[in-house]
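Structure first, commentary second.
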Amino acid sequence: MTRRGASYTLWVAIALGIAPAVVTGHISPFSMFDERFGLEVESLMFLPPELCLFVFVVGIAACVVLRRFVLMPLLLPWLALVFFPPEKLTEPFPSAWDAQERLYENEKLARESAELPDLDSLRSRIGDIDHTDTGLFRFERAELLSELDQLSERSGAWDTNVSQRAAKIAVQITALRLKIAQANSHLSMIDKSLRDLAIVSRFSLGLANKVLGEKLRQGRNKVIRHRNALETTRRALRVELTSIQTARSDTEQALTQLRDLDARISTYLWASDAYRAWQISMTYKLLCLAVLVALLWVFPMGSTVYLSLLGVSLFAAVFYSEGALGYRLWLIVQFLMLCFALRIARLLVRENFPLLRRQSGSFLLQTCRKTLVFYLPFLTLLALGLAASWQVDRWVDNQLYSLKFMADSDPKANRRQNIDRAISAYFDDQEEAAFRMLDDLDARAKSSPKAVAAAMMSFYEQEVPKILPDVEPEMAPPGCSGFLPWVFQTASCAETSVKEPLNEAYAEKREAQRQSLDRATQGYAELATSGAGNLVDVAREDLSATFHDMETAIKKQLSVIYAVVDIYSWVSWFVLILVVIKSLMYIFARVFFGAKVDGERVIQFEPQSEPGQSGGVREVSDRLDLTQDMGELIYVSKRYDFANAPPDEVTPQAQKAFFSRFLRGAWHMNRVWTGARVGGAAPYRRLPADERIVVWTLKPGDAVIFSWRQFVGMSERIGLRTRYSWQLASLIFGRMFYVVAFVPSDAVGDGTLLLSARGSDGTDGEESPSNSPDQLLAWQTTTRFGMHANLSFRNVYRSGVQIRALNKDLAVMHSNVQRQRSGAARFLTCFFLPV
């Protein structure tokens, strides 16, 4: 492998190290603010740690061999993947709402627990809290320990052992009661036997039964003594249990507070662990962003490095990660938007800073002042658009909080959090009602599988409506079908597009859960026969699972709707920001280049002060002959036929300017040999009266900008590339993507470019006309232009500009039938984009 190939491979390895961050969306600076709402990448299968370590070590070795020591820090994401799985590295920091939900769940578990927390365990857990100020909670460790000491004093000696002693005493008392009852039963039997013996003794003169009676009386005395002993023990245990219960009653409040403290400590530990994980996650994010910025600085987005990263990320998102597929693909799109934004920022600085640096401070200040004055209409439209979006958002909130199930929501909280909490509260109420129904069953019904199953199915049919509007009438979609309602009833159709999927998801999940519950109840008879479990407990679990599944299904459907809203919001904000930047730069360019032209303020694509060697430009109006001085081989657009040149389709430089060539039908071309190969005649084309062909001869090192719309052909020495530009000159020309034809500086001969035109001006560099940029047919990348325009509100917004090549610089104009672009007014419609 060559040194260049090894360096390129190293860059590919550096790029692939951030693939997990791309797949999970963690590389985005805004991922930490994402509410998720059921949308997340649950897990990601990446390379084993051993392989990540191998890539890191090999990469470090390559940096040493290639003496590219500055690239070593860019391999750190691979080292992070050695010690942590991708889920740990990309774990988002929980929101304050998540923290409150976690605290609520911990308090609920602490109250339901049958055991009290151990004081020593609480002290140990307080010591395990590493971060006391996480942004979610803030507390002092000393205050927690002091509160624990106070509660331990108030709760006295009540601990788990005492609780177990109380339970043991209660069991003993119950057993003693049974024994005392048995002793009393024996006494009753002995007394009955003595009475019967007394009756019999009257007929036997008392001789035969005297001994038996004495033995019965002795046994009765023993039973009485045993019963009295048991009663004495029971009373002693009862006194002890009463004292324990009294002590427990006196410390009940302290015990409740102790349980709450246990819940808070558990939540603080969770927040501390989350904060530590967030620190690791943010370190990894900064490393990945640094790698991304470095890649964007060195390589264009169409390079092999970026295509490799994008391909691996897409493959991992589809096949090696778990979660909603649409959401995972959206994260990839979000990554592309981030790359595009960073690339634009780099181009804005790199391409405009050298020009602006050469200007005086007073001139730049005056230009900025005029630009802001001209930009006031756009600022007004921007403010009105944002105000309208805010009003729509308020209208949505008003409609939402008028619903019955949102009655207890906090309007100050996030809308999605309120919806999530309202849905959870609704199904919690349903679950509690179902449990009460099971508890209200009589003892006989609780042991009957048919009775339990019938009660469950009856409750489900009655309490879980078949359609969502029966739960909340406002959830009924207003109705919208066809195209015209979207024009005249846009709000109603938008409401329908949101509510219909929710209704369908609810109805489908409701029926699916009903069938699942019915299948579960069919197994109750077998459970009752085998005695494997309590039927009521099993029914509780089945109902709880049913309501949980329905709650999850509705939330997932809402997450899909919110994902669509998020995608639209991201894209619309992205487009709006680009429009604001582009329109502001356009007006700035009009003011900047509209000033008096001098050597420091000219429109030029390449930064040379003077153009290099220029080739020749000539116009052909009658017959175009493809001669050998143009080159031995010419690639011709398939729209043009040449005599003595049979079609020979090829695809030269297929990877260059692919999209623009494909859209303009210039990807495939015909190959034409300029030598006389058919009947001894050279290829030629006769031109109609209204057509002209411009023949541009490029010298080695020369580069010309042209459009595929006017492309006729090019010689084999011509190379192609695409240029994406955000410099001020690009905005004057009205576009940002340019196709460049060039001849390498080390080429052994000239290159030829053939372009079609109705009529051309400027083939003579000394007589270049002033005309609209839309009339430009082709020009050198080093050509310098001066701009002519009137600076007034009306002309800035309603009129375009004219440009003229300076001195002997080459720029060919042609008679373009396309209407000249208007001024800044072309951006007006983009400011009405709702966000």
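Chain labels A, B, ... are given in the sequence in which chains occur in the structure tokens; within each chain residues are numbered consecutively from 1, and ligands are likewise numbered from 1 in the order shown.
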
Can you list, as a PyMOL selection string, every protein, DNA or RNA residue that comes within 8 Å of segment 581-587 of chain A when you count only C-alpha atoms, leaving out same-chain residues fewer than 4 positions away? chain A and resi 371+374-375+577+591+728+731-732+796+824+827

Need to verify the contact set: Leu543 of chain A, 9 Å, only C-alpha atoms, exclusion of same-chain residues closer than 3 positions in sequence. Can you return it as a list of chain:residue names? A:Glu431, A:Ala434, A:Phe435, A:Met456, A:Tyr460, A:Leu517, A:Val538, A:Ala539, A:Arg540, A:Thr546, A:Phe547, A:His548

Output N, CA, C and O atoms of each residue in that selection to a file, as a short mmCIF file (atom, residue, chain, number, x, y, z; two decimals), in the first residue's frame.
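Wrote part.cif, looks like this:
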data_model
loop_
_atom_site.label_atom_id
_atom_site.label_comp_id
_atom_site.auth_asym_id
_atom_site.auth_seq_id
_atom_site.Cartn_x
_atom_site.Cartn_y
_atom_site.Cartn_z
N GLU A 431 -56.76 0.35 36.02
CA GLU A 431 -56.20 -0.81 36.72
C GLU A 431 -56.71 -0.89 38.15
O GLU A 431 -57.07 -1.98 38.64
N ALA A 434 -60.22 -2.17 38.15
CA ALA A 434 -60.26 -3.62 37.89
C ALA A 434 -59.89 -4.40 39.16
O ALA A 434 -60.51 -5.43 39.47
N PHE A 435 -58.89 -3.90 39.90
CA PHE A 435 -58.51 -4.58 41.13
C PHE A 435 -59.63 -4.52 42.17
O PHE A 435 -59.87 -5.49 42.90
N MET A 456 -63.79 -10.64 34.72
CA MET A 456 -62.74 -9.91 34.00
C MET A 456 -63.21 -9.46 32.63
O MET A 456 -63.05 -8.29 32.25
N TYR A 460 -63.80 -5.65 31.26
CA TYR A 460 -63.07 -5.14 30.10
C TYR A 460 -64.04 -4.59 29.06
O TYR A 460 -63.81 -3.51 28.48
N LEU A 517 -56.63 -11.40 26.44
CA LEU A 517 -57.19 -11.60 27.77
C LEU A 517 -58.13 -12.81 27.79
O LEU A 517 -58.15 -13.58 28.75
N VAL A 538 -53.50 -14.12 39.77
CA VAL A 538 -53.22 -14.31 38.35
C VAL A 538 -54.04 -13.33 37.51
O VAL A 538 -53.56 -12.74 36.53
N ALA A 539 -55.32 -13.14 37.88
CA ALA A 539 -56.18 -12.21 37.15
C ALA A 539 -55.65 -10.78 37.27
O ALA A 539 -55.69 -10.01 36.30
N ARG A 540 -55.14 -10.43 38.44
CA ARG A 540 -54.55 -9.10 38.62
C ARG A 540 -53.39 -8.89 37.64
O ARG A 540 -53.28 -7.86 36.99
N THR A 546 -52.46 -6.24 30.50
CA THR A 546 -53.33 -5.76 29.42
C THR A 546 -53.32 -4.23 29.35
O THR A 546 -53.14 -3.64 28.28
N PHE A 547 -53.53 -3.60 30.49
CA PHE A 547 -53.57 -2.13 30.50
C PHE A 547 -52.20 -1.54 30.18
O PHE A 547 -52.10 -0.50 29.52
N HIS A 548 -51.14 -2.21 30.63
CA HIS A 548 -49.80 -1.71 30.32
C HIS A 548 -49.54 -1.78 28.81
O HIS A 548 -48.97 -0.85 28.22
#

How would you write, as a VMD selection string, the set of residues in segment 633-803 of chain A that DSSP gives as strand (DSSP E)? chain A and resid 633 to 637 649 to 650 669 to 673 684 to 686 692 to 698 703 to 706 711 to 715 719 to 724 737 to 742 751 to 757 760 to 761 776 to 780 785 to 788 802 to 803

Pick out the residues sitting within 8 Å of Gln802 of chain A, and hand them over as number ranges by chain; count only C-alpha atoms, and ignore anything fewer than 6 positions along from it in its own chain. A: 770-773, 787-789
